[in-house]
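First up is the structure itself, then whatever we jot down about it.
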Amino acid sequence: MNRLSWFNVVSLTLGFAFLYIPMVILVIFSFNESKLVTVWAGFSTKWYGEVIRNEAFLDAAWVTLRVAFFSATIATVLGTMAAYAMMRRGAFVGRTLFSGMIYAPLVMPEVITGLSLLLLFIAIGLDRGVLTIILAHTTFAMCYVSVVVSSRLVSFDNSLEEAALDLGCTRFQAFMSVTLPIIAPAVIAGWLLAFTLSLDDLVIASFTAGPSATTLPIKIFSSVRLGVSPEINALSTIIIGIVTVGVLVASVLSKRQIAQARRDEAMADQAEG
Amino acid sequence: MVNEAAFHPWDDPDATPLIRIEGVTKTFGDFTAIDDVSLSIYGQEFFALLGPSGCGKTTLMRMLAGFETPSAGRITIDGTDMAGVPPNKRAVNMMFQSYALFPHLSVWDNIAFGLKRDGLDRDLVGARVDEMLKLTQLGKLARRKPHQLSGGQRQRVALARAMAKGPKLLLLDEPLGALDKKLRQETQFELMDIQEKTGTTFVIVTHDQEEAMTVASRVAVMDQGRFMQVDTPDRIYEAPNSVYVADFIGDVNLVPARVRQLRDAVMLDWAEGKRFFAKPVGDLTVGQEVTLAIRPEKIAISREVPEEPNRVKGKILDIGYLGNLSTYHVELPEGPVIKCEVGNRSRLSRRDFSWDDEVWLSWSDTAGLVLSS
């Protein structure tokens with residue numbers, strides 16, 4: 001291992017400080033006894049208790065999770081189908097136009113996406129609530145899923161699917177039993193991305209949410225406007241905790257997978273000899 | 001091997017071919033991949049489609065498998081017209097060039113894949129997979145995943161998977177292309193063994209002429225979407241019907257010449273006042289421009305003036321020592337350079353010839369072949 005030069009140490013320190021000091025402050029103040037966010041008055045976990053007892057927060061969290069789950073699932077099915085149609089079915093009329101159009105919402109400002117969806121829901125007389133947020137999130141998450149899945153399909157060996165057809169599968173069976181299991185990591189990554197995007201989203205959700213349903217980001221945003229309370233800090237710390245655990249688990253799993261792949265390669269090399 | 005000597009269904013007018021390709025053409029846009037070809041392949045044959053890349057051999061194979069449909073013409077397998085029959089409904093299986101093993105399934109599940117599609121009984125599937133594992137000597141590796149196998153083992157899994165359903169016809173797309181030379185030679189004989197044991201009809205696509213000659217009962221030499229010659233390996237080698245085939249298969253000396261006399265032997269002028277003799281083939285006319293083809297191993301090299309009717313004197317330009325053989329490139333004063341191959345039969349033979357030596361080359365009047373196209 002090379003020793004780090006003083007320049008590298010400084011730049012690392014500054015970089016990480018820039019990234020993490022705001023979060024560290026947020027976490028520290030979530031354990032503050034005082035109701036005033038900026039004045040330290042001793043250690044306490046009472047705000048966590050407050051959060052858990054706050055029904056409005058819990059409701060919003062539940063709505064957010066449901067919206068994220070359903071929109072991610074629908075977006076994954078539709079996005080995978082779109083990616084598959086574009087990558088596997090060769091050239092069809094309007095393919096370039098279609099593949100260009102599916103990526104357009106990626107660069108579309110969220111405000112515009114949200115506004116146009118709002119106008120659509122009003123026009124067709126759909127009451128705004130959980131359903132409209134799910135529909136809206138599906139719409140924009142689908143593009144992300146389709147980008148992730150098609151980048152995997154580019155390197156997918158077409159002869160695998162032909163082999164499945166050759167061995168007696170119909171096109172649908174070949175997709176389900178060969179293609180899908182092989183591209184599963186990309187499909188799962190697409191689902192996770194869609195899920196995270198939906199959890200995160202404030203702009204589109206605030207256009208399409210109605211009085212009957214509020215997501216957590218909307219809830220947090222609107223309560224901050226009435227003044228930051230330590231309760232919000234506690235809630236945010238919980239979210240940071242969940243995300244951290246998720247990232248750690250994912251990195252441990254992928255490390256294990258790499259180690260397994262190395263062992264397999266060694267095994268194949270031995271078999272060769 | 002006794003059976004093999006008697007196996008000539010293509011010469012028997014009463015034999016019914018398993019596959020009939022009748023006037024098949026395949027075009028992709030402006031490009032004609034297959035140009036009006038007809039061919040019969042018989043049951044239990046080991047048939048090779050041989051040609052350079054882009055000659056249409058793979059397209060023809062994919063039409064047999066059902067991945068491409070002919071633009072014109074008809075393909076029948078066992079008497080059934082294959083038009084509109086999708087790949088999954090054909091009694092044809094294919095071994096893919098890249099093997100196309102399913103990476104998420106074990107060796108066992110790869111082989112069982114097609115059998116499970118047929119809705120076979122669990123025990124029957126198991127028995128058949130075990131049979132295939134035994135045939136391809138993969139028994140110990142059944143639980144491994146494809147990426148845990150060496151190249152040769154993967155090749156055997158691909159073969160076992162394609163054979164498992166007991167197809168009437170097995171298609172092999174460059175099956176040994178990914179293996180190194182030594183393993184490839186071993187595997188060729190394994191393939192022939194398995195083909196003989198199971199009696200399945202094999203059609204192999206390859207660009208490797210040695211491989212085609214080794215494994216096949218008949219070879220179709222292809223170029224630009226057409227068959228140049230369809231024949232047994234020995235006829236392809238010893239009696240090529242064109243310069244293209246003679247040049248594509250093995251090493252050959254090609255000398256342009258003009259027909260001078262047609263008697264029991266053809267007399268050819270190949271340079272001012274210089275003549276060669278060869279056996280007549282096909283219709284030749286006096287004065288016709290032809291090519292004389294002679295295989296290097298049919299030419300003798302000597303210091304003394306030889307007895308043979310065809311003899312020329314020249315100077316050694318190059319000597320290639322290949323271990324089992326030595327190749328001499330001899331330049332004739334008239335211009336052409338003739339290659340001559342001599343087997344190194346004794347281990348410690350002294351070098352008879354050296355660079356710039358004057359030597360005689362000679363061959364019999366049956367050794368050369370007169371080709372008019």
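Convention: chains lettered A, B, ... in structure tokens order; per-chain residue numbering from 1; ligands numbered from 1 as shown.
For segment 316-320 of chain B, the list of residues within 8 Å, based on only C-alpha atoms and with local chain neighbours fewer than 6 positions off taken out, reads Ser326, Thr327, Tyr328, His329, Val330, Glu331, Ser354, Trp355, Asp356, Asp357, Glu358 and Val359 of chain B.
Listed by chain and then by rising number, the residues of segment 240-280 of chain B that DSSP assigns to helix (DSSP H, G or I) from the backbone are B:Val243, B:Tyr244, B:Val245, B:Ala246, B:Asp247, B:Phe248.
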Counting only C-alpha atoms, chain B residues within 9 Å of chain A, as a PyMOL selection string = chain B and resi 65-67+86-90+92-104+113-115+117-118+145+147-153+161-162+165
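Coordinates place atom CA of Ala164 of chain B at a distance of 23.4 Å from atom CA of Leu49 of chain B.
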Tell me, in Å to one decimal, how far atom CA of Leu235 of chain A is from atom CA of Ser251 of chain A.
-> 24.8 Å
So which residues touch Leu78 of chain A within 12 Å, counting only C-alpha atoms, skipping near sequence neighbours fewer than 6 positions away, as a ChimeraX atom specification?
-> /A:71-72,84-85,102,138-147,149,187,190-191,194
Those same residues, written as a PDB file, in the first residue's frame with C-alpha atoms?
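For reference, again.pdb as written:
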ATOM      1  CA  SER A  71     -44.521   2.343  -9.068  1.00  0.00           C
ATOM      2  CA  ALA A  72     -41.115   0.627  -9.073  1.00  0.00           C
ATOM      3  CA  TYR A  84     -36.321  -5.708 -24.767  1.00  0.00           C
ATOM      4  CA  ALA A  85     -38.425  -4.589 -27.719  1.00  0.00           C
ATOM      5  CA  ILE A 102     -38.252   6.884 -24.171  1.00  0.00           C
ATOM      6  CA  THR A 138     -44.181   4.918 -12.920  1.00  0.00           C
ATOM      7  CA  THR A 139     -44.023   7.282 -15.869  1.00  0.00           C
ATOM      8  CA  PHE A 140     -40.676   8.799 -15.062  1.00  0.00           C
ATOM      9  CA  ALA A 141     -39.075   5.762 -13.377  1.00  0.00           C
ATOM     10  CA  MET A 142     -39.821   3.625 -16.423  1.00  0.00           C
ATOM     11  CA  CYS A 143     -37.239   5.527 -18.492  1.00  0.00           C
ATOM     12  CA  TYR A 144     -34.538   4.870 -15.914  1.00  0.00           C
ATOM     13  CA  VAL A 145     -35.364   1.168 -15.777  1.00  0.00           C
ATOM     14  CA  SER A 146     -35.306   0.944 -19.544  1.00  0.00           C
ATOM     15  CA  VAL A 147     -31.878   2.636 -19.694  1.00  0.00           C
ATOM     16  CA  VAL A 149     -31.931  -2.878 -18.714  1.00  0.00           C
ATOM     17  CA  VAL A 187     -33.733  -5.706 -13.748  1.00  0.00           C
ATOM     18  CA  GLY A 190     -33.610  -0.981 -12.277  1.00  0.00           C
ATOM     19  CA  TRP A 191     -36.252  -1.752  -9.673  1.00  0.00           C
ATOM     20  CA  ALA A 194     -37.025   3.262  -9.512  1.00  0.00           C
TER      21      ALA A 194
END
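One finds atom CA of Leu58 of chain A at 23.1 Å from atom CA of Ser34 of chain A.
By chain and then residue number, the residues within 9 Å of Pro211 of chain A are Arg128, Gly129, Ala209, Ala213 and Thr214 of chain A, counting only C-alpha atoms and disregarding those fewer than 2 positions away in sequence.
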Keeping only C-alpha atoms, write those residues as a short mmCIF file (atom, residue, chain, number, x, y, z; two decimals), in the first residue's frame.
data_model
loop_
_atom_site.label_atom_id
_atom_site.label_comp_id
_atom_site.auth_asym_id
_atom_site.auth_seq_id
_atom_site.Cartn_x
_atom_site.Cartn_y
_atom_site.Cartn_z
CA ARG A 128 -55.57 12.91 -6.88
CA GLY A 129 -54.32 10.44 -4.30
CA ALA A 209 -50.64 14.21 -4.50
CA ALA A 213 -52.40 11.16 0.48
CA THR A 214 -49.11 12.81 1.35
#
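Shortest separation to Trp47 of chain A among A:Ala174, A:Val27, A:Ala250, A:Leu106 occurs at residue A:Val27, atoms counted being only C-alpha atoms.
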DSSP strand (DSSP E or B) residues within segment 147-356 of chain B, listed as a tab-separated table (two decimals) with N, CA and C atoms, in the first residue's frame:
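Contents of result31.tsv, freshly written:
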chain	number	residue	atom	x	y	z
B	169	LEU	N	-31.59	-34.50	-36.75
B	169	LEU	CA	-30.50	-33.79	-37.39
B	169	LEU	C	-29.83	-32.91	-36.36
B	170	LEU	N	-28.52	-33.02	-36.28
B	170	LEU	CA	-27.76	-32.15	-35.38
B	170	LEU	C	-26.92	-31.20	-36.21
B	171	LEU	N	-27.07	-29.90	-35.93
B	171	LEU	CA	-26.31	-28.89	-36.64
B	171	LEU	C	-25.17	-28.43	-35.75
B	172	LEU	N	-23.97	-28.35	-36.29
B	172	LEU	CA	-22.82	-27.91	-35.49
B	172	LEU	C	-22.19	-26.72	-36.18
B	173	ASP	N	-22.24	-25.56	-35.51
B	173	ASP	CA	-21.72	-24.33	-36.09
B	173	ASP	C	-20.31	-24.10	-35.56
B	201	THR	N	-27.74	-37.83	-37.80
B	201	THR	CA	-27.20	-37.12	-38.96
B	201	THR	C	-26.60	-35.80	-38.47
B	202	PHE	N	-25.33	-35.58	-38.82
B	202	PHE	CA	-24.65	-34.35	-38.40
B	202	PHE	C	-24.43	-33.47	-39.62
B	203	VAL	N	-24.70	-32.19	-39.47
B	203	VAL	CA	-24.27	-31.22	-40.48
B	203	VAL	C	-23.38	-30.22	-39.76
B	204	ILE	N	-22.14	-30.11	-40.21
B	204	ILE	CA	-21.18	-29.25	-39.53
B	204	ILE	C	-20.83	-28.09	-40.46
B	205	VAL	N	-20.72	-26.92	-39.87
B	205	VAL	CA	-20.27	-25.74	-40.62
B	205	VAL	C	-18.86	-25.44	-40.17
B	206	THR	N	-17.94	-25.28	-41.10
B	206	THR	CA	-16.57	-24.98	-40.70
B	206	THR	C	-15.84	-24.24	-41.81
B	218	ARG	N	-19.25	-36.50	-46.43
B	218	ARG	CA	-19.23	-35.69	-47.64
B	218	ARG	C	-19.01	-34.24	-47.28
B	219	VAL	N	-18.43	-33.51	-48.20
B	219	VAL	CA	-18.11	-32.10	-47.98
B	219	VAL	C	-18.73	-31.28	-49.10
B	220	ALA	N	-19.37	-30.17	-48.74
B	220	ALA	CA	-19.80	-29.23	-49.76
B	220	ALA	C	-18.90	-28.01	-49.65
B	221	VAL	N	-18.15	-27.73	-50.70
B	221	VAL	CA	-17.29	-26.54	-50.70
B	221	VAL	C	-18.12	-25.38	-51.24
B	222	MET	N	-18.23	-24.32	-50.44
B	222	MET	CA	-19.10	-23.20	-50.80
B	222	MET	C	-18.30	-21.95	-51.09
B	223	ASP	N	-18.82	-21.14	-52.01
B	223	ASP	CA	-18.26	-19.82	-52.25
B	223	ASP	C	-19.36	-18.92	-52.77
B	226	ARG	N	-22.91	-20.32	-53.28
B	226	ARG	CA	-23.13	-21.47	-54.16
B	226	ARG	C	-22.26	-22.64	-53.73
B	227	PHE	N	-22.68	-23.85	-54.15
B	227	PHE	CA	-21.83	-25.02	-53.94
B	227	PHE	C	-20.84	-25.11	-55.10
B	228	MET	N	-19.56	-25.14	-54.80
B	228	MET	CA	-18.57	-25.32	-55.86
B	228	MET	C	-18.42	-26.79	-56.17
B	229	GLN	N	-18.46	-27.63	-55.13
B	229	GLN	CA	-18.37	-29.07	-55.32
B	229	GLN	C	-18.93	-29.75	-54.08
B	230	VAL	N	-19.70	-30.82	-54.31
B	230	VAL	CA	-20.21	-31.62	-53.20
B	230	VAL	C	-19.73	-33.04	-53.43
B	231	ASP	N	-18.87	-33.52	-52.54
B	231	ASP	CA	-18.28	-34.83	-52.80
B	231	ASP	C	-17.65	-35.38	-51.52
B	253	ASN	N	0.00	-26.86	-56.64
B	253	ASN	CA	0.70	-26.05	-57.65
B	253	ASN	C	-0.25	-25.83	-58.80
B	254	LEU	N	-0.42	-24.61	-59.22
B	254	LEU	CA	-1.31	-24.30	-60.34
B	254	LEU	C	-0.47	-23.70	-61.47
B	255	VAL	N	-0.45	-24.40	-62.61
B	255	VAL	CA	0.34	-23.90	-63.73
B	255	VAL	C	-0.60	-23.64	-64.91
B	256	PRO	N	-0.69	-22.41	-65.38
B	256	PRO	CA	-1.53	-22.14	-66.53
B	256	PRO	C	-0.90	-22.78	-67.78
B	257	ALA	N	-1.75	-23.32	-68.66
B	257	ALA	CA	-1.23	-24.02	-69.84
B	257	ALA	C	-2.29	-23.99	-70.94
B	258	ARG	N	-1.91	-24.53	-72.11
B	258	ARG	CA	-2.84	-24.60	-73.24
B	258	ARG	C	-2.84	-26.03	-73.76
B	259	VAL	N	-4.04	-26.55	-74.12
B	259	VAL	CA	-4.14	-27.93	-74.61
B	259	VAL	C	-3.52	-28.00	-76.01
B	260	ARG	N	-2.60	-28.96	-76.19
B	260	ARG	CA	-1.95	-29.11	-77.49
B	260	ARG	C	-2.47	-30.34	-78.23
B	261	GLN	N	-2.58	-31.45	-77.51
B	261	GLN	CA	-3.02	-32.70	-78.13
B	261	GLN	C	-3.91	-33.45	-77.18
B	262	LEU	N	-4.93	-34.12	-77.70
B	262	LEU	CA	-5.80	-34.95	-76.87
B	262	LEU	C	-5.67	-36.39	-77.36
B	266	VAL	N	-3.42	-36.07	-72.12
B	266	VAL	CA	-3.50	-34.72	-72.67
B	266	VAL	C	-2.09	-34.14	-72.71
B	267	MET	N	-1.77	-33.51	-73.82
B	267	MET	CA	-0.48	-32.85	-73.87
B	267	MET	C	-0.72	-31.36	-73.74
B	268	LEU	N	0.02	-30.75	-72.78
B	268	LEU	CA	-0.19	-29.33	-72.51
B	268	LEU	C	1.08	-28.54	-72.79
B	269	ASP	N	0.90	-27.40	-73.43
B	269	ASP	CA	2.00	-26.44	-73.54
B	269	ASP	C	1.92	-25.52	-72.34
B	270	TRP	N	2.97	-25.41	-71.58
B	270	TRP	CA	2.91	-24.49	-70.43
B	270	TRP	C	3.96	-23.40	-70.56
B	271	ALA	N	4.93	-23.59	-71.48
B	271	ALA	CA	5.89	-22.53	-71.78
B	271	ALA	C	6.43	-22.84	-73.16
B	274	LYS	N	7.77	-26.25	-73.98
B	274	LYS	CA	7.76	-27.13	-72.79
B	274	LYS	C	6.39	-27.79	-72.66
B	275	ARG	N	6.38	-29.08	-72.37
B	275	ARG	CA	5.12	-29.81	-72.31
B	275	ARG	C	4.97	-30.61	-71.04
B	276	PHE	N	3.70	-30.74	-70.61
B	276	PHE	CA	3.35	-31.65	-69.52
B	276	PHE	C	2.31	-32.61	-70.04
B	277	PHE	N	2.22	-33.77	-69.39
B	277	PHE	CA	1.20	-34.75	-69.74
B	277	PHE	C	0.31	-35.00	-68.53
B	278	ALA	N	-0.96	-35.15	-68.81
B	278	ALA	CA	-1.89	-35.41	-67.71
B	278	ALA	C	-3.07	-36.21	-68.22
B	279	LYS	N	-3.82	-36.81	-67.27
B	279	LYS	CA	-5.00	-37.56	-67.69
B	279	LYS	C	-6.11	-36.60	-68.06
B	289	GLU	N	-7.47	-22.82	-73.04
B	289	GLU	CA	-6.66	-22.38	-71.91
B	289	GLU	C	-7.10	-23.15	-70.67
B	290	VAL	N	-6.17	-23.79	-70.00
B	290	VAL	CA	-6.52	-24.59	-68.82
B	290	VAL	C	-5.51	-24.32	-67.70
B	291	THR	N	-5.75	-24.97	-66.55
B	291	THR	CA	-4.80	-24.89	-65.44
B	291	THR	C	-4.43	-26.32	-65.05
B	292	LEU	N	-3.15	-26.55	-64.92
B	292	LEU	CA	-2.70	-27.85	-64.44
B	292	LEU	C	-2.52	-27.76	-62.93
B	293	ALA	N	-3.18	-28.68	-62.21
B	293	ALA	CA	-3.07	-28.68	-60.75
B	293	ALA	C	-2.32	-29.93	-60.32
B	294	ILE	N	-1.28	-29.73	-59.53
B	294	ILE	CA	-0.52	-30.89	-59.00
B	294	ILE	C	-0.28	-30.66	-57.52
B	300	ALA	N	8.24	-35.70	-57.14
B	300	ALA	CA	9.49	-36.23	-56.60
B	300	ALA	C	10.61	-35.25	-56.92
B	301	ILE	N	11.59	-35.24	-56.04
B	301	ILE	CA	12.73	-34.35	-56.24
B	301	ILE	C	14.01	-35.21	-56.31
B	302	SER	N	14.87	-34.92	-57.26
B	302	SER	CA	16.08	-35.74	-57.39
B	302	SER	C	17.20	-34.94	-58.06
B	310	ASN	N	6.80	-36.38	-66.98
B	310	ASN	CA	6.82	-34.96	-66.62
B	310	ASN	C	8.06	-34.69	-65.79
B	311	ARG	N	8.98	-33.95	-66.31
B	311	ARG	CA	10.16	-33.59	-65.51
B	311	ARG	C	10.61	-32.18	-65.88
B	312	VAL	N	11.02	-31.47	-64.85
B	312	VAL	CA	11.52	-30.11	-65.07
B	312	VAL	C	12.75	-29.90	-64.20
B	313	LYS	N	13.61	-29.03	-64.65
B	313	LYS	CA	14.80	-28.73	-63.87
B	313	LYS	C	14.65	-27.33	-63.28
B	314	GLY	N	15.12	-27.18	-62.07
B	314	GLY	CA	15.01	-25.86	-61.45
B	314	GLY	C	16.01	-25.69	-60.32
B	315	LYS	N	15.89	-24.57	-59.64
B	315	LYS	CA	16.83	-24.21	-58.59
B	315	LYS	C	16.05	-24.08	-57.27
B	316	ILE	N	16.59	-24.63	-56.21
B	316	ILE	CA	15.88	-24.55	-54.92
B	316	ILE	C	15.94	-23.12	-54.37
B	317	LEU	N	14.74	-22.61	-54.10
B	317	LEU	CA	14.61	-21.23	-53.65
B	317	LEU	C	14.48	-21.16	-52.14
B	318	ASP	N	13.68	-22.11	-51.60
B	318	ASP	CA	13.37	-22.11	-50.17
B	318	ASP	C	13.21	-23.53	-49.70
B	319	ILE	N	13.56	-23.77	-48.44
B	319	ILE	CA	13.32	-25.09	-47.86
B	319	ILE	C	12.58	-24.86	-46.55
B	320	GLY	N	11.42	-25.52	-46.43
B	320	GLY	CA	10.68	-25.42	-45.18
B	320	GLY	C	10.75	-26.77	-44.48
B	321	TYR	N	11.30	-26.78	-43.24
B	321	TYR	CA	11.37	-28.04	-42.50
B	321	TYR	C	10.23	-28.08	-41.48
B	325	LEU	N	7.64	-33.40	-42.55
B	325	LEU	CA	7.77	-33.12	-43.97
B	325	LEU	C	8.83	-32.06	-44.20
B	326	SER	N	9.38	-32.08	-45.41
B	326	SER	CA	10.15	-30.91	-45.84
B	326	SER	C	9.53	-30.40	-47.12
B	327	THR	N	9.40	-29.08	-47.21
B	327	THR	CA	8.84	-28.48	-48.41
B	327	THR	C	9.95	-27.77	-49.17
B	328	TYR	N	10.03	-28.04	-50.45
B	328	TYR	CA	11.01	-27.35	-51.29
B	328	TYR	C	10.28	-26.46	-52.26
B	329	HIS	N	10.71	-25.22	-52.35
B	329	HIS	CA	10.18	-24.33	-53.38
B	329	HIS	C	11.24	-24.26	-54.47
B	330	VAL	N	10.86	-24.76	-55.65
B	330	VAL	CA	11.84	-24.83	-56.74
B	330	VAL	C	11.44	-23.86	-57.84
B	331	GLU	N	12.36	-22.98	-58.18
B	331	GLU	CA	12.07	-22.00	-59.22
B	331	GLU	C	12.53	-22.55	-60.56
B	337	VAL	N	7.17	-21.11	-59.78
B	337	VAL	CA	7.81	-21.74	-58.62
B	337	VAL	C	6.95	-22.94	-58.24
B	338	ILE	N	7.55	-24.12	-58.21
B	338	ILE	CA	6.81	-25.34	-57.92
B	338	ILE	C	7.12	-25.79	-56.49
B	339	LYS	N	6.06	-26.10	-55.74
B	339	LYS	CA	6.25	-26.62	-54.39
B	339	LYS	C	6.28	-28.14	-54.43
B	340	CYS	N	7.15	-28.71	-53.64
B	340	CYS	CA	7.30	-30.16	-53.63
B	340	CYS	C	7.49	-30.59	-52.18
B	341	GLU	N	6.77	-31.63	-51.79
B	341	GLU	CA	6.79	-32.04	-50.38
B	341	GLU	C	7.39	-33.44	-50.28
B	342	VAL	N	8.31	-33.61	-49.37
B	342	VAL	CA	8.93	-34.92	-49.20
B	342	VAL	C	8.83	-35.32	-47.74
B	343	GLY	N	8.33	-36.53	-47.50
B	343	GLY	CA	8.23	-37.04	-46.13
B	343	GLY	C	9.61	-37.36	-45.59
Neighbour list for Gly225 of chain B as a ChimeraX atom specification, cut-off 7 Å, only C-alpha atoms, skip fewer than 3 positions in-chain | /B:33-35,55-56,222
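Within 9 Å of Pro240 of chain B, once only C-alpha atoms are used and residues closer than 4 positions along the same chain are dropped, the contacting residues are B:Gln229, B:Arg235, B:Ile236, B:Tyr244, B:Val245, B:Ala246, B:Ile249, B:Leu369, B:Leu371.
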